[in-house]
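The file start.cif comes next; it holds mmCIF, C-alpha atoms.
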data_my_file
#
loop_
_atom_site.group_PDB
_atom_site.id
_atom_site.type_symbol
_atom_site.label_atom_id
_atom_site.label_comp_id
_atom_site.auth_asym_id
_atom_site.auth_seq_id
_atom_site.Cartn_x
_atom_site.Cartn_y
_atom_site.Cartn_z
ATOM 1 C CA MET K 15 178.545 17.978 218.310
ATOM 2 C CA LYS K 16 175.154 16.997 216.901
ATOM 3 C CA SER K 17 172.866 19.890 215.939
ATOM 4 C CA PHE K 18 169.240 19.495 216.942
ATOM 5 C CA THR K 19 166.327 21.107 215.160
ATOM 6 C CA ALA K 20 163.126 22.476 216.649
ATOM 7 C CA TYR K 21 160.009 24.202 215.414
ATOM 8 C CA LEU K 22 159.029 27.212 217.544
ATOM 9 C CA ASP K 23 155.405 28.176 218.118
ATOM 10 C CA SER K 24 154.682 31.901 217.939
ATOM 11 C CA ASP K 25 154.118 32.181 221.700
ATOM 12 C CA VAL K 26 157.735 31.104 222.196
ATOM 13 C CA LEU K 27 159.007 33.633 219.654
ATOM 14 C CA VAL K 28 157.043 36.455 221.323
ATOM 15 C CA SER K 29 158.134 35.335 224.821
ATOM 16 C CA SER K 30 161.762 35.439 223.745
ATOM 17 C CA CYS K 31 161.325 39.167 223.098
ATOM 18 C CA LEU K 32 159.364 40.080 226.200
ATOM 19 C CA SER K 33 161.638 38.439 228.748
ATOM 20 C CA SER K 34 165.398 38.454 228.347
ATOM 21 C CA THR K 35 165.714 36.077 231.316
ATOM 22 C CA GLY K 36 163.062 33.609 230.168
ATOM 23 C CA ALA K 37 163.503 30.102 228.819
ATOM 24 C CA ALA K 38 162.299 31.139 225.357
ATOM 25 C CA ASN K 39 165.076 33.733 225.116
ATOM 26 C CA LEU K 40 167.651 31.191 226.277
ATOM 27 C CA LEU K 41 166.423 28.784 223.616
ATOM 28 C CA LEU K 42 166.454 31.390 220.852
ATOM 29 C CA HIS K 43 170.102 32.143 221.576
ATOM 30 C CA ARG K 44 171.269 28.522 221.381
ATOM 31 C CA ASP K 45 173.620 28.601 218.399
ATOM 32 C CA ASN K 46 173.890 24.845 217.954
ATOM 33 C CA LEU K 47 170.144 24.530 217.430
ATOM 34 C CA ILE K 48 168.302 25.044 214.132
ATOM 35 C CA LYS K 49 165.001 26.795 214.857
ATOM 36 C CA PHE K 50 162.154 26.853 212.352
ATOM 37 C CA TYR K 51 159.137 29.105 211.816
ATOM 38 C CA THR K 52 156.770 29.620 208.875
ATOM 39 C CA ASN K 53 155.622 32.452 206.652
ATOM 40 C CA ILE K 54 152.141 32.110 208.195
ATOM 41 C CA GLN K 55 153.635 32.773 211.629
ATOM 42 C CA GLU K 56 155.550 35.749 210.291
ATOM 43 C CA ASN K 57 152.263 37.343 209.229
ATOM 44 C CA GLU K 58 150.587 36.803 212.590
ATOM 45 C CA LEU K 59 153.691 37.874 214.496
ATOM 46 C CA LYS K 60 153.776 41.243 212.717
ATOM 47 C CA ILE K 61 150.284 41.987 214.036
ATOM 48 C CA VAL K 62 150.977 40.575 217.513
ATOM 49 C CA PHE K 63 154.126 42.679 217.898
ATOM 50 C CA GLU K 64 152.212 45.758 216.797
ATOM 51 C CA ARG K 65 149.389 45.102 219.277
ATOM 52 C CA LEU K 66 151.894 44.545 222.080
ATOM 53 C CA SER K 67 153.735 47.733 221.065
ATOM 54 C CA VAL K 68 156.979 45.853 220.523
ATOM 55 C CA PRO K 69 159.170 47.545 217.880
ATOM 56 C CA SER K 70 159.205 45.632 214.588
ATOM 57 C CA ILE K 71 163.018 45.577 214.668
ATOM 58 C CA LYS K 72 162.687 43.140 217.578
ATOM 59 C CA LEU K 73 160.728 40.768 215.372
ATOM 60 C CA SER K 74 163.400 41.000 212.688
ATOM 61 C CA GLU K 75 166.072 40.196 215.280
ATOM 62 C CA VAL K 76 164.144 37.138 216.454
ATOM 63 C CA LEU K 77 163.453 35.828 212.976
ATOM 64 C CA GLU K 78 167.080 36.327 211.925
ATOM 65 C CA LYS K 79 167.998 33.624 214.412
ATOM 66 C CA CYS K 80 165.549 31.176 212.842
ATOM 67 C CA THR K 81 165.084 29.378 209.550
ATOM 68 C CA LEU K 82 161.998 30.101 207.456
ATOM 69 C CA VAL K 83 159.823 27.229 206.239
ATOM 70 C CA THR K 84 157.464 28.396 203.499
ATOM 71 C CA LEU K 85 154.006 26.863 203.504
ATOM 72 C CA LYS K 86 152.169 27.368 200.203
ATOM 73 C CA SER K 87 148.405 26.889 200.610
ATOM 74 C CA PRO K 88 148.682 24.053 203.109
ATOM 75 C CA ASN K 89 145.644 21.820 203.585
ATOM 76 C CA LEU K 90 145.103 22.667 207.250
ATOM 77 C CA ASN K 91 142.192 20.217 207.521
ATOM 78 C CA LEU K 92 144.797 17.454 207.562
ATOM 79 C CA TYR K 93 145.903 18.718 210.973
ATOM 80 C CA SER K 94 142.533 19.361 212.612
ATOM 81 C CA LYS K 95 142.706 16.247 214.729
ATOM 82 C CA TYR K 96 145.972 17.308 216.345
ATOM 83 C CA THR K 97 144.719 20.447 218.065
ATOM 84 C CA ILE K 98 141.589 21.439 219.948
ATOM 85 C CA ASP K 99 141.772 24.961 218.470
ATOM 86 C CA PRO K 100 141.432 25.049 214.663
ATOM 87 C CA ASN K 101 143.327 28.350 214.625
ATOM 88 C CA ASP K 102 146.457 26.483 215.767
ATOM 89 C CA ARG K 103 146.503 24.055 212.814
ATOM 90 C CA HIS K 104 149.160 26.014 210.916
ATOM 91 C CA ILE K 105 151.572 25.383 213.785
ATOM 92 C CA ILE K 106 151.194 21.639 213.337
ATOM 93 C CA ALA K 107 151.500 22.053 209.557
ATOM 94 C CA GLY K 108 154.738 23.987 210.043
ATOM 95 C CA ALA K 109 156.200 21.489 212.474
ATOM 96 C CA VAL K 110 155.456 18.611 210.095
ATOM 97 C CA ALA K 111 156.799 20.485 207.047
ATOM 98 C CA SER K 112 160.028 21.372 208.851
ATOM 99 C CA GLY K 113 160.759 17.694 209.440
ATOM 100 C CA THR K 114 161.830 18.285 213.044
ATOM 101 C CA LYS K 115 161.177 15.979 215.977
ATOM 102 C CA PHE K 116 160.486 18.843 218.385
ATOM 103 C CA LEU K 117 157.622 21.291 218.546
ATOM 104 C CA ILE K 118 158.352 23.898 221.206
ATOM 105 C CA SER K 119 155.319 25.713 222.564
ATOM 106 C CA TYR K 120 153.757 27.140 225.700
ATOM 107 C CA ASN K 121 150.372 26.064 224.390
ATOM 108 C CA LEU K 122 150.672 22.368 225.240
ATOM 109 C CA LYS K 123 147.088 22.061 226.407
ATOM 110 C CA HIS K 124 145.802 22.835 222.896
ATOM 111 C CA PHE K 125 147.844 20.145 221.166
ATOM 112 C CA LYS K 126 147.138 16.413 221.042
ATOM 113 C CA ILE K 127 150.620 15.527 222.174
ATOM 114 C CA GLU K 128 150.203 11.746 222.030
ATOM 115 C CA SER K 129 148.814 11.832 218.484
ATOM 116 C CA LEU K 130 151.609 14.119 217.287
ATOM 117 C CA LYS K 131 154.148 11.699 218.687
ATOM 118 C CA ARG K 132 152.418 8.648 217.225
ATOM 119 C CA ASP K 133 151.706 9.991 213.719
ATOM 120 C CA PHE K 134 154.655 12.330 213.097
ATOM 121 C CA ASN K 135 157.208 11.360 215.745
ATOM 122 C CA ILE K 136 157.057 14.949 217.012
ATOM 123 C CA ASN K 137 157.684 15.631 220.710
ATOM 124 C CA THR K 138 155.847 18.667 222.051
ATOM 125 C CA LEU K 139 157.728 20.424 224.849
ATOM 126 C CA THR K 140 157.984 23.790 226.573
ATOM 127 C CA PRO K 141 161.222 25.738 226.018
ATOM 128 C CA ALA K 142 162.543 24.809 229.480
ATOM 129 C CA GLN K 143 161.725 21.121 228.982
ATOM 130 C CA PHE K 144 163.570 21.167 225.675
ATOM 131 C CA LEU K 145 166.569 22.929 227.238
ATOM 132 C CA GLN K 146 166.529 20.269 229.972
ATOM 133 C CA PHE K 147 166.576 17.613 227.258
ATOM 134 C CA LEU K 148 169.512 19.321 225.491
ATOM 135 C CA ARG K 149 171.306 19.468 228.826
ATOM 136 C CA SER K 150 170.760 15.751 229.327
ATOM 137 C CA THR K 151 172.389 15.078 225.956
ATOM 138 C CA GLY K 152 175.385 17.227 226.854
ATOM 139 C CA GLN K 153 174.469 19.862 224.257
ATOM 140 C CA ILE K 154 174.478 22.683 226.814
ATOM 141 C CA MET X 19 145.480 23.497 264.805
ATOM 142 C CA LEU X 20 148.013 22.774 262.070
ATOM 143 C CA SER X 21 149.175 19.222 261.663
ATOM 144 C CA THR X 22 152.967 19.004 261.466
ATOM 145 C CA ASN X 23 152.539 16.356 258.737
ATOM 146 C CA THR X 24 151.315 19.003 256.281
ATOM 147 C CA ILE X 25 154.304 21.314 256.686
ATOM 148 C CA THR X 26 156.779 21.160 253.809
ATOM 149 C CA PRO X 27 160.311 20.583 255.117
ATOM 150 C CA GLN X 28 162.645 23.584 254.892
ATOM 151 C CA ALA X 29 165.519 21.220 254.166
ATOM 152 C CA TYR X 30 166.128 17.534 253.545
ATOM 153 C CA THR X 31 168.752 15.160 254.826
ATOM 154 C CA PRO X 32 170.904 13.256 252.299
ATOM 155 C CA GLU X 33 169.069 10.081 253.376
ATOM 156 C CA GLN X 34 165.699 11.613 252.553
ATOM 157 C CA VAL X 35 166.977 12.797 249.182
ATOM 158 C CA ALA X 36 168.388 9.332 248.452
ATOM 159 C CA ASN X 37 164.934 7.866 249.080
ATOM 160 C CA MET X 38 163.158 10.464 246.958
ATOM 161 C CA LEU X 39 165.522 10.051 244.008
ATOM 162 C CA GLN X 40 165.831 6.281 244.471
ATOM 163 C CA LEU X 41 169.596 6.569 244.741
ATOM 164 C CA SER X 42 172.005 5.168 247.272
ATOM 165 C CA LYS X 43 173.107 7.399 250.128
ATOM 166 C CA ASN X 44 176.681 7.222 248.800
ATOM 167 C CA THR X 45 175.569 8.486 245.391
ATOM 168 C CA VAL X 46 173.849 11.453 247.012
ATOM 169 C CA TYR X 47 177.019 12.284 248.960
ATOM 170 C CA GLN X 48 178.969 11.989 245.709
ATOM 171 C CA LEU X 49 176.519 14.344 243.949
ATOM 172 C CA ILE X 50 176.958 16.785 246.823
ATOM 173 C CA SER X 51 180.746 16.680 246.563
ATOM 174 C CA ASN X 52 180.531 17.118 242.750
ATOM 175 C CA GLY X 53 178.323 20.153 243.214
ATOM 176 C CA GLU X 54 175.402 18.546 241.350
ATOM 177 C CA ILE X 55 173.285 18.796 244.473
ATOM 178 C CA ILE X 56 173.867 21.992 246.417
ATOM 179 C CA ALA X 57 173.925 21.276 250.132
ATOM 180 C CA LYS X 58 174.859 23.200 253.250
ATOM 181 C CA LYS X 59 177.105 21.590 255.833
ATOM 182 C CA PHE X 60 176.200 22.215 259.475
ATOM 183 C CA GLY X 61 179.029 20.800 261.568
ATOM 184 C CA LYS X 62 179.214 17.195 260.373
ATOM 185 C CA VAL X 63 175.839 16.912 258.676
ATOM 186 C CA TYR X 64 174.435 18.120 255.377
ATOM 187 C CA ARG X 65 171.062 19.701 254.745
ATOM 188 C CA ILE X 66 169.647 20.162 251.261
ATOM 189 C CA SER X 67 167.293 22.959 250.297
ATOM 190 C CA PRO X 68 164.146 22.051 248.302
ATOM 191 C CA THR X 69 165.298 24.481 245.565
ATOM 192 C CA SER X 70 168.338 22.255 245.038
ATOM 193 C CA LEU X 71 165.899 19.479 244.201
ATOM 194 C CA SER X 72 163.908 21.455 241.683
ATOM 195 C CA TYR X 73 164.350 18.677 239.106
ATOM 196 C CA LEU X 74 162.536 16.246 241.371
ATOM 197 C CA PHE X 75 159.430 18.412 241.578
ATOM 198 C CA SER X 76 159.229 20.055 238.137
ATOM 199 C CA GLY X 77 161.428 17.888 235.929
ATOM 200 C CA LEU X 78 163.592 20.987 235.470
ATOM 201 C CA ASP X 79 166.858 22.143 236.969
ATOM 202 C CA ASP X 80 166.431 25.161 239.222
ATOM 203 C CA ASP X 81 167.749 27.701 236.698
ATOM 204 C CA LEU X 82 165.472 26.368 233.947
ATOM 205 C CA ALA X 83 162.448 26.277 236.270
ATOM 206 C CA GLN X 84 163.156 29.930 237.117
ATOM 207 C CA ALA X 85 163.571 30.823 233.426
ATOM 208 C CA GLU X 86 160.221 29.189 232.641
ATOM 209 C CA LYS X 87 158.620 31.096 235.511
ATOM 210 C CA ASN X 88 159.949 34.349 234.016
ATOM 211 C CA ASP X 89 158.214 33.552 230.719
ATOM 212 C CA LEU X 90 154.967 32.519 232.413
ATOM 213 C CA LYS X 91 154.496 36.065 233.737
ATOM 214 C CA ASN X 92 153.908 37.344 230.189
ATOM 215 C CA LEU X 93 152.094 34.338 228.791
ATOM 216 C CA PRO X 94 148.460 35.255 229.551
ATOM 217 C CA LEU X 95 148.876 38.473 227.547
ATOM 218 C CA ILE X 96 150.749 36.714 224.737
ATOM 219 C CA ALA X 97 148.209 33.880 224.520
ATOM 220 C CA LYS X 98 145.254 36.288 224.447
ATOM 221 C CA THR X 99 146.820 38.523 221.788
ATOM 222 C CA LEU X 100 147.877 35.577 219.654
ATOM 223 C CA SER X 101 144.465 33.964 219.929
ATOM 224 C CA ASP X 102 142.730 37.217 218.910
ATOM 225 C CA VAL X 103 145.049 37.670 215.926
ATOM 226 C CA ARG X 104 144.631 34.066 214.750
ATOM 227 C CA LYS X 105 140.854 34.494 214.708
ATOM 228 C CA THR X 106 141.222 37.351 212.217
ATOM 229 C CA LEU X 107 143.571 35.580 209.790
#

Take the structure in the file and write it out as structure tokens.
Amino acid sequence: MKSFTAYLDSDVLVSSCLSSTGAANLLLHRDNLIKFYTNIQENELKIVFERLSVPSIKLSEVLEKCTLVTLKSPNLNLYSKYTIDPNDRHIIAGAVASGTKFLISYNLKHFKIESLKRDFNINTLTPAQFLQFLRSTGQI
Amino acid sequence: MLSTNTITPQAYTPEQVANMLQLSKNTVYQLISNGEIIAKKFGKVYRISPTSLSYLFSGLDDDLAQAEKNDLKNLPLIAKTLSDVRKTL
């Protein structure tokens, strides 16, 4: 069976911890799916988990299920035109660096979905939309 | 006074579902017998609940639509926290 890859935005990774019955959690536990995140996300997630009073062990458990993509001083200006919030540029940088065709996020309204598809062949979907896609391919 | 035209049906007939999904009536009956569309049989006729047609309205199967809804409860807090943190990095 073909393994798909997907890059997970931080909101998906946090959601997977806060709701065990949510789509993000279902996605995180798909074994035949390679899930990427970056070192930049890891840094922000540590602070987010702390602010939400989620034990850091939970973050470790989430990240263990994913594959780290290391971004070394990325030129984030290259990705400014793909998001309306400059603070989200590292997510685009990570998705591009991972080489995946799927960016999974709950923040769709911040991303220029058409441009991401046109320039990088990246489809931006919510976790449930992506699971629906996997279901349509017979993956789940 | 409420117009009856504005009331969402509590259940659909297989014929109505065939029209909505642009399928033949026979295909809908086949989907019902395969269990892909959950229907309730009353005597000799079927009625289909709107939740069985979740895909038609949201693009998601019912279980996935519910799973997304479960995540959406926490999202305002997650989005706010994430946005605040990203501003500081």

Centre, edges in Å (one decimal): axis-aligned box, region 79-89 of chain X, 6 Å padding on all six sides, as lines of an AutoDock Vina configuration file:
center_x = 163.0
center_y = 28.2
center_z = 235.0
size_x = 21.5
size_y = 24.2
size_z = 20.5

So which residues get picked by the PyMOL selection byres ((chain X) within 8 of (chain K)) here, written as a list in words? Gly77, Leu78, Asp79, Leu82, Ala83, Gln84, Ala85, Glu86, Lys87, Asn88, Asp89, Asn92, Leu93, Ile96, Ala97, Thr99, Leu100, Ser101, Val103, Arg104, Lys105 and Leu107 of chain X

Go ahead and dump the residues you just picked, C-alpha atoms, as a PDB file, in the frame of the given file.
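Written file, out_35.pdb:
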ATOM      1  CA  GLY X  77     161.428  17.888 235.929  1.00  0.00           C
ATOM      2  CA  LEU X  78     163.592  20.987 235.470  1.00  0.00           C
ATOM      3  CA  ASP X  79     166.858  22.143 236.969  1.00  0.00           C
ATOM      4  CA  LEU X  82     165.472  26.368 233.947  1.00  0.00           C
ATOM      5  CA  ALA X  83     162.448  26.277 236.270  1.00  0.00           C
ATOM      6  CA  GLN X  84     163.156  29.930 237.117  1.00  0.00           C
ATOM      7  CA  ALA X  85     163.571  30.823 233.426  1.00  0.00           C
ATOM      8  CA  GLU X  86     160.221  29.189 232.641  1.00  0.00           C
ATOM      9  CA  LYS X  87     158.620  31.096 235.511  1.00  0.00           C
ATOM     10  CA  ASN X  88     159.949  34.349 234.016  1.00  0.00           C
ATOM     11  CA  ASP X  89     158.214  33.552 230.719  1.00  0.00           C
ATOM     12  CA  ASN X  92     153.908  37.344 230.189  1.00  0.00           C
ATOM     13  CA  LEU X  93     152.094  34.338 228.791  1.00  0.00           C
ATOM     14  CA  ILE X  96     150.749  36.714 224.737  1.00  0.00           C
ATOM     15  CA  ALA X  97     148.209  33.880 224.520  1.00  0.00           C
ATOM     16  CA  THR X  99     146.820  38.523 221.788  1.00  0.00           C
ATOM     17  CA  LEU X 100     147.877  35.577 219.654  1.00  0.00           C
ATOM     18  CA  SER X 101     144.465  33.964 219.929  1.00  0.00           C
ATOM     19  CA  VAL X 103     145.049  37.670 215.926  1.00  0.00           C
ATOM     20  CA  ARG X 104     144.631  34.066 214.750  1.00  0.00           C
ATOM     21  CA  LYS X 105     140.854  34.494 214.708  1.00  0.00           C
ATOM     22  CA  LEU X 107     143.571  35.580 209.790  1.00  0.00           C
TER      23      LEU X 107
END

Could you list the residues chosen by the PyMOL selection byres ((chain K and resi 95) around 12) in this structure as a PyMOL selection string? chain K and resi 90-94+96-100+102-103+106-107+124-130+133

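Taking CA of Asn37 (chain X) and CA of Ala57 (chain X) as endpoints, the distance between them is 16.2 Å.
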
Chain and number of each residue from the PyMOL selection byres ((chain K and resi 118) around 6), as a list in words: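 What the PyMOL selection byres ((chain K and resi 118) around 6) grabs from the file is Leu22, Leu117, Ser119, Thr138, Leu139, Thr140 and Pro141 of chain K.
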
What is the distance, in Å and to one decimal place, between CA of Phe75 (chain X) and CA of Val35 (chain X)? 12.1 Å

In Å, rounded to a single decimal, give me how far CA of Asn53 (chain K) is from CA of Leu73 (chain K). 13.1 Å

Would you list the contacts of Ala20 (chain K) as a list in words, taking every protein, DNA or RNA residue within 7 Å and counting all atoms listed in the file, but skipping same-chain residues closer than 4 positions in sequence?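 So the residues in contact are Ile48, Lys49, Phe50, Thr114, Lys115, Phe116, Leu117 and Ile118 of chain K.
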
Take the point (166.5, 28.3, 208.8) in the file's coordinates, draw a sphere of radius 9 Å around it, and report as number ranges by chain every protein, DNA or RNA residue with an atom inside or on it, counting all atoms listed in the file. K: 48-51, 78-83
